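data33.tsv (TSV, C-alpha atoms)
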chain	number	residue	atom	x	y	z
A	1	MET	CA	-6.91	-10.17	-2.83
A	2	LEU	CA	-7.33	-12.99	-5.31
A	3	ILE	CA	-5.79	-15.48	-2.88
A	4	VAL	CA	-8.06	-14.23	-0.07
A	5	THR	CA	-11.12	-14.67	-2.28
A	6	ILE	CA	-10.06	-18.13	-3.46
A	7	VAL	CA	-9.22	-19.35	0.04
A	8	LEU	CA	-12.47	-18.00	1.49
A	9	CYS	CA	-14.69	-19.40	-1.27
A	10	TYR	CA	-13.08	-22.81	-1.51
A	11	SER	CA	-12.76	-23.25	2.26
A	12	VAL	CA	-16.46	-24.16	2.30
A	13	ILE	CA	-16.07	-26.70	-0.49
A	14	THR	CA	-12.67	-28.11	0.48
A	15	PRO	CA	-11.37	-27.17	3.93
A	16	LEU	CA	-8.01	-28.68	2.95
A	17	ILE	CA	-7.17	-25.38	1.21
A	18	LEU	CA	-7.04	-23.47	4.51
A	19	PRO	CA	-3.56	-24.64	5.60
A	20	PHE	CA	-2.19	-23.72	2.17
A	21	GLY	CA	-3.76	-20.27	2.43
A	22	VAL	CA	-2.33	-19.78	5.91
A	23	ALA	CA	1.10	-20.95	4.71
A	24	TYR	CA	0.94	-18.54	1.75
A	25	PHE	CA	0.17	-15.53	3.94
A	26	ALA	CA	2.65	-16.54	6.65
A	27	LEU	CA	5.43	-16.82	4.08
A	28	GLY	CA	4.35	-13.54	2.51
A	29	TRP	CA	4.42	-11.86	5.91
A	30	LEU	CA	7.93	-13.13	6.63
A	31	ILE	CA	9.20	-11.99	3.25
A	32	ALA	CA	7.54	-8.59	3.52
A	33	LYS	CA	8.97	-8.11	7.02
A	34	ASN	CA	12.47	-8.95	5.77
A	35	GLN	CA	12.11	-6.62	2.79
A	36	VAL	CA	10.93	-3.73	4.95
A	37	LEU	CA	13.58	-4.19	7.61
A	38	ARG	CA	16.61	-4.94	5.46
A	39	VAL	CA	16.06	-4.06	1.82
A	40	TYR	CA	13.63	-1.28	1.06
A	41	VAL	CA	14.06	2.35	1.92
A	42	PRO	CA	10.60	3.88	2.17
A	43	SER	CA	10.48	6.70	-0.34
A	44	TYR	CA	6.87	7.71	0.13
A	45	GLU	CA	3.96	7.37	2.49
A	46	SER	CA	0.45	6.96	1.19
A	47	ASN	CA	-1.10	7.95	4.54
A	48	GLY	CA	-3.68	5.18	4.30
A	49	ARG	CA	-5.19	6.28	1.01
A	50	MET	CA	-5.17	2.69	-0.26
A	51	TRP	CA	-7.36	1.40	2.56
A	52	PRO	CA	-10.77	2.37	1.03
A	53	HIS	CA	-9.92	0.35	-2.08
A	54	MET	CA	-8.77	-2.61	0.00
A	55	HIS	CA	-11.87	-2.42	2.20
A	56	THR	CA	-14.15	-2.53	-0.84
A	57	ARG	CA	-12.36	-5.59	-2.19
A	58	ILE	CA	-12.39	-7.35	1.18
A	59	ILE	CA	-16.14	-6.77	1.48
A	60	ALA	CA	-16.62	-8.09	-2.08
A	61	ALA	CA	-14.60	-11.22	-1.22
A	62	LEU	CA	-16.69	-11.64	1.94
A	63	MET	CA	-19.91	-11.38	-0.06
A	64	ILE	CA	-18.71	-13.95	-2.60
A	65	TYR	CA	-17.70	-16.24	0.26
A	66	GLN	CA	-21.07	-15.91	1.98
A	67	ALA	CA	-22.98	-16.50	-1.26
A	68	THR	CA	-20.87	-19.60	-1.97
A	69	MET	CA	-21.35	-20.84	1.58
A	70	ILE	CA	-25.13	-20.38	1.43
A	71	GLY	CA	-25.25	-22.10	-1.98
A	72	ILE	CA	-23.18	-25.11	-0.87
A	73	ILE	CA	-25.10	-25.52	2.38
A	74	SER	CA	-28.46	-25.31	0.57
A	75	LEU	CA	-27.30	-27.87	-2.00
A	76	LYS	CA	-26.52	-30.26	0.84
A	77	LYS	CA	-30.24	-29.98	1.72
A	78	PHE	CA	-29.64	-28.45	5.12
A	79	TYR	CA	-33.08	-27.23	6.21
A	80	TYR	CA	-31.87	-24.29	8.27
A	81	SER	CA	-29.81	-22.73	5.47
A	82	THR	CA	-32.43	-20.00	5.03
A	83	ILE	CA	-31.30	-18.63	8.40
A	84	LEU	CA	-28.03	-17.61	6.69
A	85	ALA	CA	-29.77	-15.40	4.09
A	86	PRO	CA	-29.83	-12.31	6.36
A	87	LEU	CA	-26.06	-12.66	6.65
A	88	LEU	CA	-25.62	-11.09	3.19
A	89	VAL	CA	-27.94	-8.22	4.11
A	90	ILE	CA	-26.11	-7.62	7.40
A	91	SER	CA	-22.79	-7.57	5.53
A	92	LEU	CA	-24.15	-5.03	3.05
A	93	ILE	CA	-25.39	-2.85	5.91
A	94	PHE	CA	-21.96	-3.11	7.55
A	95	ALA	CA	-20.24	-2.12	4.30
A	96	HIS	CA	-22.56	0.85	3.83
A	97	THR	CA	-22.05	1.97	7.45
A	98	CYS	CA	-18.26	1.80	7.09
A	99	HIS	CA	-18.47	3.66	3.79
A	100	ALA	CA	-20.62	6.44	5.26
A	101	ARG	CA	-18.61	6.78	8.45
A	102	PHE	CA	-14.96	6.36	7.42
A	103	TYR	CA	-14.63	7.23	3.72
A	104	PRO	CA	-15.06	11.02	4.16
A	105	ALA	CA	-11.93	10.99	6.31
A	106	PHE	CA	-9.95	9.68	3.34
A	107	ALA	CA	-11.24	12.37	0.98
A	108	LYS	CA	-9.42	15.15	2.84
A	109	THR	CA	-5.77	15.16	3.89
A	110	PRO	CA	-5.33	15.61	7.66
A	111	LEU	CA	-3.54	18.75	8.86
A	112	GLU	CA	-0.81	16.67	10.49
A	113	VAL	CA	0.05	15.03	7.17
A	114	ALA	CA	-0.26	18.29	5.23
A	115	SER	CA	2.11	20.07	7.60
A	116	GLN	CA	4.72	17.32	7.26
A	117	GLN	CA	4.84	17.84	3.52
A	118	LEU	CA	6.17	21.38	3.91
A	119	LYS	CA	9.85	21.26	3.13
A	120	GLU	CA	12.53	23.82	3.53
A	121	THR	CA	14.43	25.16	0.53
A	122	PRO	CA	17.19	22.74	-0.43
A	123	ASN	CA	20.82	23.72	-0.19
A	124	MET	CA	21.63	24.29	-3.85
A	125	SER	CA	25.40	24.16	-3.37
A	126	ALA	CA	25.10	20.71	-1.79
A	127	ILE	CA	22.93	19.55	-4.68
A	128	TYR	CA	25.36	21.05	-7.18
A	129	THR	CA	28.40	19.37	-5.65
A	130	ALA	CA	26.54	16.05	-5.47
A	131	TYR	CA	26.60	15.85	-9.28
A	132	ILE	CA	30.33	16.43	-9.66
A	133	PRO	CA	32.01	13.12	-10.57
A	134	PRO	CA	34.34	11.78	-7.86
A	135	CYS	CA	37.37	12.07	-10.15
A	136	LEU	CA	36.77	15.82	-10.55
A	137	LYS	CA	36.07	16.61	-6.90
A	138	PRO	CA	38.86	18.44	-5.05
A	139	ASP	CA	40.39	16.72	-2.06
A	140	LYS	CA	39.93	19.74	0.16
A	141	LEU	CA	36.74	21.74	0.47
A	142	GLN	CA	38.71	24.99	0.30
A	143	ASP	CA	39.76	24.20	-3.28
A	144	VAL	CA	36.15	24.56	-4.42
A	145	GLN	CA	36.38	28.33	-4.05
A	146	VAL	CA	39.55	28.45	-6.18
A	147	PHE	CA	37.91	26.68	-9.12
A	148	GLU	CA	34.50	28.29	-8.73
A	149	ASP	CA	34.79	30.22	-11.99
A	150	ALA	CA	35.62	27.01	-13.89
A	151	GLN	CA	32.45	25.26	-12.73
A	152	SER	CA	29.37	25.98	-14.78
A	153	ARG	CA	26.31	27.13	-12.84
A	154	THR	CA	23.90	27.31	-15.76
A	155	THR	CA	20.66	25.45	-15.35
A	156	SER	CA	19.22	26.30	-18.75
A	157	ARG	CA	18.46	23.44	-21.12
A	158	ALA	CA	18.61	25.70	-24.17
A	159	PRO	CA	21.41	24.89	-26.61
A	160	SER	CA	24.28	27.34	-26.68
A	161	PHE	CA	25.45	28.64	-30.05
Translate the structure described by the file into structure tokens.
Amino acid sequence: MLIVTIVLCYSVITPLILPFGVAYFALGWLIAKNQVLRVYVPSYESNGRMWPHMHTRIIAALMIYQATMIGIISLKKFYYSTILAPLLVISLIFAHTCHARFYPAFAKTPLEVASQQLKETPNMSAIYTAYIPPCLKPDKLQDVQVFEDAQSRTTSRAPSF
């Protein structure tokens, strides 16, 4: 968000920064795509709960950009710069409309997402055997029943005396 704000604000003052901003985001997109496809295993899903925060910051960056643009253009003694003043008000109205219309949907979890979070009871024997070191695992699955009494099934964390 900092790079977006910097590129937007300084693009009015020095348009030379725009190719560097585009290169930064293009490289970031390529790296993120590679990480998602080949490296990361998604362990959670936020279901879009981060979007309201991002929207607020994007609108703030847009407002800073517009204020900087109006200030620079008025310093250049452009006579029609007062026409741009309603732009800030229109952006504020847009932000308020988006906030009133879309933010209540993020306050409540949709039924589709809530139903996906229901999980079945895990297979405790599979979990138990997952924590047996490979050197202690029997070669055949039938041998597990033979040594069942030797394997501890206690889950208590209390010290034994």
Exercise. Using atom CA of Pro52 of chain A and atom CA of Ala105 of chain A as the two end points, give the distance in Å to one decimal.
Key: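 For atom CA of Pro52 of chain A relative to atom CA of Ala105 of chain A, the distance reads 10.2 Å.
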Quiz item: Do you know which residues are at most 10 Å from segment 97-103 of chain A counting only C-alpha atoms, after dropping those on the same chain fewer than 4 positions away, and could you put them as a ChimeraX atom specification?
Solution: /A:49,51-52,55-56,91-93,107-108
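Across the structure, atom CA of Leu62 of chain A and atom CA of Val12 of chain A are spaced 12.5 Å apart.
Atom CA of Phe78 of chain A is positioned 17.6 Å from atom CA of Thr14 of chain A.
Comparing A:Met124, A:Ile31, A:Ala95, A:Leu37 by their smallest distance to Ile59 of chain A, the closest is A:Ala95 (using all atoms listed in the file).
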Exercise. Tell me which of A:His96, A:Ala67, A:Trp29, A:Val39 sits closest to Leu84 of chain A, counting all atoms listed in the file.
Key: A:Ala67
Quiz prompt | Nearby residues, (-2.2, -17.8, 4.5) file frame, 12 Å, only C-alpha atoms, as an NGL selection string | solution = :A and (1 or 3-8 or 17-30)
Axis-aligned box for all listed atoms of segment 59-77 of chain A, 4 Å per side, centre and edges in Å to one decimal, as JSON:
{"center_x": -22.4, "center_y": -18.5, "center_z": -0.1, "size_x": 23.6, "size_y": 31.5, "size_z": 13.0}
